[in-house]
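Just final15.cif here, mmCIF, C-alpha atoms and all ligand atoms:
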data_upload
#
loop_
_atom_site.label_atom_id
_atom_site.label_comp_id
_atom_site.auth_asym_id
_atom_site.auth_seq_id
_atom_site.Cartn_x
_atom_site.Cartn_y
_atom_site.Cartn_z
CA MET A 933 53.88 170.84 -0.50
CA SER A 934 54.39 170.40 3.25
CA VAL A 935 56.76 167.71 4.47
CA LEU A 936 53.89 166.06 6.35
CA ARG A 937 51.78 165.79 3.21
CA LEU A 938 54.77 164.48 1.32
CA ARG A 939 55.24 161.78 3.99
CA ASP A 940 51.80 160.49 3.24
CA ARG A 941 52.43 160.26 -0.46
CA ARG A 942 53.37 157.04 -2.17
CA ALA A 943 56.73 158.41 -3.26
CA PHE A 944 57.84 158.75 0.36
CA HIS A 945 57.50 155.01 0.93
CA ARG A 946 58.88 154.02 -2.45
CA SER A 947 61.89 156.26 -2.91
CA ARG A 948 64.83 156.66 -0.59
CA LEU A 949 65.78 159.85 -2.43
CA VAL A 950 62.39 161.40 -1.73
CA ARG A 951 62.71 160.46 1.95
CA GLU A 952 66.19 161.98 2.11
CA LEU A 953 65.02 165.21 0.51
CA ALA A 954 62.03 165.36 2.84
CA ALA A 955 64.29 164.69 5.82
CA ALA A 956 66.66 167.47 4.71
CA ALA A 957 63.72 169.89 4.65
CA ARG A 958 62.61 168.79 8.12
CA TRP A 959 66.11 168.71 9.59
CA PRO A 960 66.30 172.30 10.95
CA LYS A 961 63.33 171.50 13.21
CA VAL A 962 64.61 168.19 14.58
CA ARG A 963 68.39 168.39 14.49
CA ASP A 964 68.81 169.23 18.19
CA SER A 965 67.06 166.05 19.30
CA ALA A 966 67.87 163.74 16.38
CA PRO A 967 70.90 161.40 16.44
CA ASP A 968 74.14 162.99 15.18
CA LEU A 969 75.04 160.44 12.49
CA ALA A 970 76.49 162.52 9.65
CA HIS A 971 80.02 161.26 10.37
CA LEU A 972 79.00 157.73 9.36
CA ALA A 973 78.90 158.83 5.72
CA PHE A 974 82.69 158.89 6.01
CA TYR A 975 83.14 155.45 7.65
CA ASP A 976 83.90 152.34 5.59
CA ASP A 977 81.81 149.24 5.97
CA ALA A 978 84.89 147.00 6.10
CA PRO A 979 87.88 149.07 7.26
CA SER A 980 91.13 147.47 8.34
CA GLY A 981 91.63 148.29 12.01
CA GLY A 982 88.90 150.83 12.73
CA ILE A 983 85.22 150.41 13.44
CA PRO A 984 82.99 149.33 10.51
CA ARG A 985 80.11 151.70 9.76
CA ASP A 986 77.24 149.41 10.68
CA GLU A 987 78.88 148.40 13.94
CA ALA A 988 79.51 152.08 14.71
CA LEU A 989 75.78 152.60 14.11
CA LEU A 990 74.98 149.85 16.61
CA LEU A 991 77.25 151.32 19.29
CA HIS A 992 75.86 154.78 18.60
CA ALA A 993 72.32 153.46 19.05
CA LEU A 994 73.21 151.70 22.29
CA LEU A 995 74.59 154.94 23.72
CA ARG A 996 71.70 157.04 22.44
CA THR A 997 69.26 154.57 23.93
CA THR A 998 70.89 154.15 27.33
CA ARG A 999 72.43 157.67 27.72
CA PRO A 1000 75.47 156.64 29.77
CA THR A 1001 77.38 159.31 31.67
CA THR A 1002 80.76 157.53 31.70
CA VAL A 1003 81.97 155.63 28.65
CA VAL A 1004 85.33 153.89 28.25
CA GLU A 1005 86.94 152.98 24.95
CA ILE A 1006 89.96 150.68 25.13
CA GLY A 1007 91.83 150.91 21.83
CA PHE A 1008 91.80 154.40 20.25
CA LEU A 1009 93.86 153.96 17.05
CA HIS A 1010 92.97 156.98 14.87
CA GLY A 1011 89.98 158.01 16.93
CA ASP A 1012 87.14 157.06 14.57
CA GLY A 1013 85.54 154.84 17.21
CA ALA A 1014 85.94 157.55 19.84
CA PHE A 1015 84.39 160.14 17.54
CA ASN A 1016 81.39 157.91 16.91
CA LEU A 1017 80.90 157.52 20.67
CA LEU A 1018 81.27 161.26 21.24
CA CYS A 1019 78.64 161.97 18.58
CA ALA A 1020 76.22 159.81 20.59
CA LEU A 1021 76.98 161.21 24.05
CA ASP A 1022 75.05 163.80 26.01
CA ALA A 1023 76.69 167.13 26.81
CA ASP A 1024 77.31 166.14 30.45
CA ALA A 1025 78.74 162.68 29.70
CA ARG A 1026 82.41 161.72 29.60
CA LEU A 1027 84.41 159.48 27.28
CA TYR A 1028 87.74 158.04 28.48
CA SER A 1029 89.79 156.50 25.69
CA PHE A 1030 92.98 154.47 26.13
CA ASP A 1031 95.65 153.13 23.84
CA ILE A 1032 99.14 151.73 24.30
CA ASP A 1033 100.51 153.47 21.20
CA PRO A 1034 102.17 156.77 22.16
CA ALA A 1035 101.30 158.23 18.74
CA CYS A 1036 97.61 158.27 19.69
CA ALA A 1037 97.99 161.11 22.21
CA ALA A 1038 98.75 163.67 19.50
CA ILE A 1039 95.88 162.40 17.34
CA ALA A 1040 93.51 162.62 20.30
CA ALA A 1041 94.65 166.16 21.10
CA ARG A 1042 94.30 167.27 17.49
CA ARG A 1043 90.89 165.73 16.87
CA PHE A 1044 89.18 166.09 20.22
CA GLY A 1045 91.23 168.49 22.33
CA HIS A 1046 88.37 171.01 22.05
CA ASP A 1047 85.82 168.61 23.59
CA ALA A 1048 85.65 168.85 27.40
CA ARG A 1049 83.78 165.50 27.50
CA PHE A 1050 86.83 163.63 26.22
CA THR A 1051 89.90 162.34 28.08
CA TYR A 1052 92.66 160.40 26.36
CA ARG A 1053 95.36 158.50 28.28
CA THR A 1054 98.23 156.37 27.00
CA ARG A 1055 97.67 153.16 28.95
CA ALA A 1056 97.93 149.43 28.45
CA GLN A 1057 94.53 147.82 28.89
CA GLU A 1058 95.91 145.39 31.47
CA THR A 1059 97.06 148.23 33.75
CA LEU A 1060 93.88 150.33 33.97
CA GLU A 1061 92.89 151.51 37.42
CA PRO A 1062 90.08 153.59 38.94
CA ALA A 1063 92.19 156.77 38.89
CA ASP A 1064 92.26 156.51 35.09
CA LEU A 1065 88.52 157.26 35.16
CA ASP A 1066 88.97 160.00 37.76
CA GLY A 1067 87.19 157.67 40.17
CA ARG A 1068 84.04 157.54 38.02
CA GLU A 1069 82.30 154.22 37.36
CA ALA A 1070 81.81 153.18 33.74
CA ASP A 1071 78.30 152.69 32.36
CA PHE A 1072 79.57 151.50 29.01
CA VAL A 1073 82.88 149.96 27.90
CA PHE A 1074 83.98 149.32 24.33
CA LEU A 1075 86.87 146.83 24.37
CA ASP A 1076 88.74 146.95 21.07
CA ALA A 1077 92.46 146.82 21.78
CA ALA A 1078 94.97 143.99 22.28
CA HIS A 1079 93.05 141.08 20.71
CA ASP A 1080 94.97 138.93 23.17
CA LEU A 1081 93.24 136.46 25.49
CA VAL A 1082 95.45 136.95 28.55
CA LEU A 1083 95.51 140.75 28.25
CA ASN A 1084 91.73 140.81 27.87
CA GLN A 1085 91.33 138.59 30.94
CA ARG A 1086 93.58 140.92 32.96
CA ALA A 1087 91.79 144.01 31.71
CA PHE A 1088 88.38 142.55 32.51
CA GLU A 1089 89.35 141.58 36.07
CA ARG A 1090 90.52 145.16 36.63
CA LEU A 1091 87.45 146.68 34.99
CA LEU A 1092 85.10 144.77 37.28
CA SER A 1093 85.68 147.21 40.14
CA MET A 1094 85.19 150.16 37.77
CA LEU A 1095 81.75 149.27 36.38
CA VAL A 1096 78.28 150.27 37.54
CA PRO A 1097 76.23 147.13 38.33
CA ASN A 1098 74.27 147.28 35.05
CA ALA A 1099 77.19 148.36 32.87
CA ILE A 1100 77.24 147.25 29.25
CA VAL A 1101 80.54 145.95 27.89
CA ALA A 1102 80.87 145.58 24.12
CA VAL A 1103 83.73 143.35 22.96
CA HIS A 1104 84.76 143.92 19.36
CA ASP A 1105 86.00 141.34 16.84
CA THR A 1106 84.23 138.27 18.18
CA GLY A 1107 82.65 137.40 14.83
CA THR A 1108 83.66 135.26 11.89
CA ILE A 1109 83.80 136.09 8.21
CA PRO A 1110 81.77 133.86 5.91
CA GLY A 1111 84.10 131.93 3.60
CA ALA A 1112 81.92 132.77 0.59
CA LEU A 1113 82.94 136.42 1.05
CA ILE A 1114 86.69 135.68 1.17
CA PRO A 1115 88.11 135.44 -2.38
CA ALA A 1116 90.18 132.48 -3.52
CA GLY A 1117 93.86 133.25 -3.04
CA HIS A 1118 93.24 135.60 -0.10
CA PRO A 1119 95.96 135.14 2.60
CA ALA A 1120 93.24 134.11 5.09
CA ARG A 1121 92.82 130.89 3.12
CA GLN A 1122 96.35 129.82 4.16
CA LEU A 1123 95.54 130.13 7.89
CA THR A 1124 93.97 126.71 8.11
CA ASP A 1125 93.80 126.65 11.93
CA ARG A 1126 91.46 129.67 11.88
CA TRP A 1127 88.70 128.09 9.82
CA LEU A 1128 85.53 126.62 11.29
CA ASP A 1129 83.86 124.84 8.40
CA ASP A 1130 83.23 127.77 6.03
CA GLU A 1131 83.82 130.61 8.52
CA PHE A 1132 87.08 132.44 9.21
CA GLU A 1133 88.00 133.55 12.73
CA HIS A 1134 89.74 136.88 12.18
CA GLN A 1135 90.52 137.49 15.88
CA PRO A 1136 90.60 134.06 17.59
CA ASP A 1137 91.55 135.43 21.02
CA GLU A 1138 88.50 137.70 21.19
CA ARG A 1139 86.30 134.64 20.68
CA ALA A 1140 88.32 132.67 23.22
CA PHE A 1141 87.91 135.60 25.61
CA VAL A 1142 84.12 135.71 25.50
CA ASN A 1143 84.06 131.91 25.91
CA TRP A 1144 86.34 132.29 28.94
CA LEU A 1145 83.89 134.85 30.34
CA LEU A 1146 81.08 132.30 30.01
CA GLU A 1147 83.01 129.93 32.23
CA HIS A 1148 84.58 132.35 34.71
CA HIS A 1149 82.00 135.16 34.78
CA PRO A 1150 78.68 133.43 34.14
CA GLU A 1151 77.00 136.33 35.92
CA PHE A 1152 77.35 138.22 32.61
CA SER A 1153 74.88 137.50 29.82
CA GLN A 1154 76.19 137.57 26.28
CA VAL A 1155 74.57 138.64 23.05
CA HIS A 1156 76.63 137.99 19.92
CA VAL A 1157 75.84 140.55 17.25
CA HIS A 1158 77.22 138.54 14.32
CA SER A 1159 76.17 137.90 10.75
CA ARG A 1160 76.73 135.09 8.27
CA ARG A 1161 75.45 137.23 5.41
CA THR A 1162 78.01 140.04 5.29
CA ILE A 1163 81.53 140.89 6.40
CA ARG A 1164 81.40 141.73 10.09
CA HIS A 1165 84.07 142.12 12.72
CA GLY A 1166 81.36 141.11 15.16
CA LEU A 1167 80.49 142.39 18.60
CA THR A 1168 79.58 140.60 21.80
CA VAL A 1169 77.52 142.66 24.22
CA LEU A 1170 77.78 141.77 27.92
CA GLN A 1171 75.70 142.78 30.90
CA ARG A 1172 75.18 141.23 34.34
CA THR A 1173 72.08 139.04 34.37
CA VAL A 1174 69.54 140.36 36.87
CA ALA A 1175 65.82 140.07 37.33
CA LEU A 1176 64.14 143.37 36.63
CA GLN A 1177 62.89 145.12 39.75
CA ARG A 1178 59.11 145.08 40.22
CA PRO A 1179 56.89 147.00 42.65
CA GLN A 1180 56.38 145.01 45.84
CA HIS A 1181 52.57 145.10 46.18
CA GLU A 1182 50.67 143.30 48.92
CA PRO A 1183 48.40 140.73 47.26
CA PRO A 1184 44.79 142.03 47.28
CA PRO A 1185 42.54 140.48 49.96
CA PRO A 1186 40.31 137.67 48.61
CA SER A 1187 36.93 138.96 47.48
CA PRO A 1188 33.89 137.71 49.50
CA SER A 1189 32.55 135.83 46.46
CA SER A 1190 35.74 133.75 46.19
CA ALA A 1191 35.67 132.81 49.92
C1 LIG B 1 91.41 147.89 16.48
S1 LIG B 1 92.35 149.24 17.00
C2 LIG B 1 91.16 150.25 17.82
C3 LIG B 1 90.16 150.84 16.90
C4 LIG B 1 89.26 151.88 17.51
N1 LIG B 1 88.56 151.38 18.69
C5 LIG B 1 88.24 152.35 16.52
O1 LIG B 1 87.03 152.02 16.69
O2 LIG B 1 88.60 153.07 15.58
C6 LIG B 1 93.26 148.55 18.32
C7 LIG B 1 94.11 149.53 19.10
O3 LIG B 1 94.45 148.89 20.33
C8 LIG B 1 95.75 149.32 20.69
N2 LIG B 1 96.32 148.33 21.63
C9 LIG B 1 96.96 147.17 21.36
N3 LIG B 1 97.31 146.55 22.49
C10 LIG B 1 96.89 147.33 23.52
C11 LIG B 1 96.96 147.24 24.93
N4 LIG B 1 97.54 146.21 25.54
N5 LIG B 1 96.41 148.23 25.66
C12 LIG B 1 95.80 149.29 25.06
N6 LIG B 1 95.72 149.44 23.73
C13 LIG B 1 96.25 148.47 22.96
C14 LIG B 1 96.50 149.44 19.39
O4 LIG B 1 97.59 150.33 19.54
C15 LIG B 1 95.41 149.93 18.43
O5 LIG B 1 95.47 151.32 18.29
#

Could I get this file's structure written as structure tokens?
Amino acid sequence: MSVLRLRDRRAFHRSRLVRELAAAARWPKVRDSAPDLAHLAFYDDAPSGGIPRDEALLLHALLRTTRPTTVVEIGFLHGDGAFNLLCALDADARLYSFDIDPACAAIAARRFGHDARFTYRTRAQETLEPADLDGREADFVFLDAAHDLVLNQRAFERLLSMLVPNAIVAVHDTGTIPGALIPAGHPARQLTDRWLDDEFEHQPDERAFVNWLLEHHPEFSQVHVHSRRTIRHGLTVLQRTVALQRPQHEPPPPSPSSA
């Protein structure tokens, strides 16, 4: 049975397993153009520290959709976030990843030393400068490092001169965790100053940072990709607000009948 015929069969729409088997059969034909997502099978949905799987999927989709040529990740840790970004990037794009922890350099070399698209530098986010991007301008920035309001403010002010006008900046950890998903006795329950009704702020300074941006950089629009139905670190996506360009046509002359 051909894959196309199978797709039309009821089982395709009713069974995930059937779809996965059909996709596996089709894969050799589409793998060069299809998204490279296999790594996500190895990502947790609620890791401590790294990027959760569904949020990695979102970032991957943003890169696949916009096809940036220069991407910056601030906060490398073990490199799972960087790997996800690399899996989404075109062959001629570049990823610059930064971390303050000197241990990250060896991890970066071991995991991605073979990939000419990747540059790792040991840097504090608040000291970044254009030379760190080899003079390139960033199309996309993933900020996931200090979780400190002042350091984020300093980093953002420096990044401003390093962004293309329509750059997208994704700030991680701006969400809250629904109280119903935090078990009784969990240490978070003792942190009373971090609760907003029934939601727990897991990184208060990231939320304070995006609120500070609203006041001091209102030229950036904000979309909060948060959920109250599952555990999310939460992302806020920023981009300068601009009217979309339109063709500048002369208005047509009035028709004789309307005169
Ligand atoms: C949440 S982890 C990054 C996770 C990574 N983006 C991922 O998706 O797997 C935060 C990282 O930021 C780094 N960091 C902390 N303060 C920093 C600073 N001031 N500048 C740069 N990196 C910093 C930490 O060493 C840590 O590795």

Exercise for the section: For ligand LIG 1 (chain B), collect every residue having any atom at a distance of at most 9 Å from a ligand atom (counting all atoms listed in the file); output as a VMD selection string. Expected result: chain A and resid 980 to 984 988 1005 to 1016 1029 to 1036 1054 to 1060 1074 to 1080 1083 to 1084 1087 1104 to 1105

Write the residues of the selection above to a file with C-alpha atoms, as a compact mmCIF listing (two decimals), in the coordinates of the input.
# COMPACT_ATOMS: atom_id res chain seq x y z
CA SER A 980 91.13 147.47 8.34
CA GLY A 981 91.63 148.29 12.01
CA GLY A 982 88.90 150.83 12.73
CA ILE A 983 85.22 150.41 13.44
CA PRO A 984 82.99 149.33 10.51
CA ALA A 988 79.51 152.08 14.71
CA GLU A 1005 86.94 152.98 24.95
CA ILE A 1006 89.96 150.68 25.13
CA GLY A 1007 91.83 150.91 21.83
CA PHE A 1008 91.80 154.40 20.25
CA LEU A 1009 93.86 153.96 17.05
CA HIS A 1010 92.97 156.98 14.87
CA GLY A 1011 89.98 158.01 16.93
CA ASP A 1012 87.14 157.06 14.57
CA GLY A 1013 85.54 154.84 17.21
CA ALA A 1014 85.94 157.55 19.84
CA PHE A 1015 84.39 160.14 17.54
CA ASN A 1016 81.39 157.91 16.91
CA SER A 1029 89.79 156.50 25.69
CA PHE A 1030 92.98 154.47 26.13
CA ASP A 1031 95.65 153.13 23.84
CA ILE A 1032 99.14 151.73 24.30
CA ASP A 1033 100.51 153.47 21.20
CA PRO A 1034 102.17 156.77 22.16
CA ALA A 1035 101.30 158.23 18.74
CA CYS A 1036 97.61 158.27 19.69
CA THR A 1054 98.23 156.37 27.00
CA ARG A 1055 97.67 153.16 28.95
CA ALA A 1056 97.93 149.43 28.45
CA GLN A 1057 94.53 147.82 28.89
CA GLU A 1058 95.91 145.39 31.47
CA THR A 1059 97.06 148.23 33.75
CA LEU A 1060 93.88 150.33 33.97
CA PHE A 1074 83.98 149.32 24.33
CA LEU A 1075 86.87 146.83 24.37
CA ASP A 1076 88.74 146.95 21.07
CA ALA A 1077 92.46 146.82 21.78
CA ALA A 1078 94.97 143.99 22.28
CA HIS A 1079 93.05 141.08 20.71
CA ASP A 1080 94.97 138.93 23.17
CA LEU A 1083 95.51 140.75 28.25
CA ASN A 1084 91.73 140.81 27.87
CA ALA A 1087 91.79 144.01 31.71
CA HIS A 1104 84.76 143.92 19.36
CA ASP A 1105 86.00 141.34 16.84

Please provide as a CSV table (one decimal) with C-alpha atoms, in the coordinates of the input all residues within 9 Å of Gly1166 in chain A, with the sequence filter that same-chain residues fewer than 5 positions apart are discarded (counting only C-alpha atoms).
chain,number,residue,atom,x,y,z
A,987,GLU,CA,78.9,148.4,13.9
A,1103,VAL,CA,83.7,143.4,23.0
A,1104,HIS,CA,84.8,143.9,19.4
A,1105,ASP,CA,86.0,141.3,16.8
A,1106,THR,CA,84.2,138.3,18.2
A,1107,GLY,CA,82.6,137.4,14.8
A,1108,THR,CA,83.7,135.3,11.9
A,1109,ILE,CA,83.8,136.1,8.2
A,1156,HIS,CA,76.6,138.0,19.9
A,1157,VAL,CA,75.8,140.6,17.2
A,1158,HIS,CA,77.2,138.5,14.3
A,1159,SER,CA,76.2,137.9,10.8

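Taking CA of Arg1121 in chain A and CA of Gln1085 in chain A as endpoints, the distance between them is 28.9 Å.
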
Judged by only C-alpha atoms, the minimum distance to Pro967 in chain A among A:Ala1099, A:Ala1040, A:Leu1018, A:Val1003 is found for A:Leu1018

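You will find CA of Thr998 in chain A at 21.6 Å from CA of Phe1088 in chain A.
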
Give, as AutoDock Vina command-line options, the centre coordinates and the x, y and z edge lengths in Å to one decimal for an axis-aligned box around all listed atoms of range 1065-1079 of chain A, padded by 8 Å on each side.
--center_x 86.6 --center_y 150.5 --center_z 30.4 --size_x 32.7 --size_y 34.9 --size_z 35.5

Tell me, counting all atoms listed in the file, for each residue of range 1013-1032 of chain A within 12 Å of range 1061-1071 of chain A, which pair of atoms is nearest and how far apart they are in Å to one decimal, in rows ordered by chain and increasing number, as CSV.
residue,atom,partner,partner_atom,distance
A:Leu1021,CA,A:Asp1071,CA,12.0
A:Ala1025,CA,A:Asp1071,CA,10.3
A:Arg1026,CA,A:Leu1065,CA,9.4
A:Leu1027,CA,A:Leu1065,CA,9.2
A:Tyr1028,CA,A:Leu1065,CA,6.8
A:Ser1029,CA,A:Leu1065,CA,9.6
A:Phe1030,CA,A:Asp1064,CA,9.2

Using only C-alpha atoms, the best pick from A:Tyr1052, A:Phe1072, A:Phe1044, A:Phe974 as closest to Val1004 in chain A would be A:Phe1072

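Atom to atom, CA of Gly1117 in chain A and CA of Arg985 in chain A stand 26.3 Å apart.
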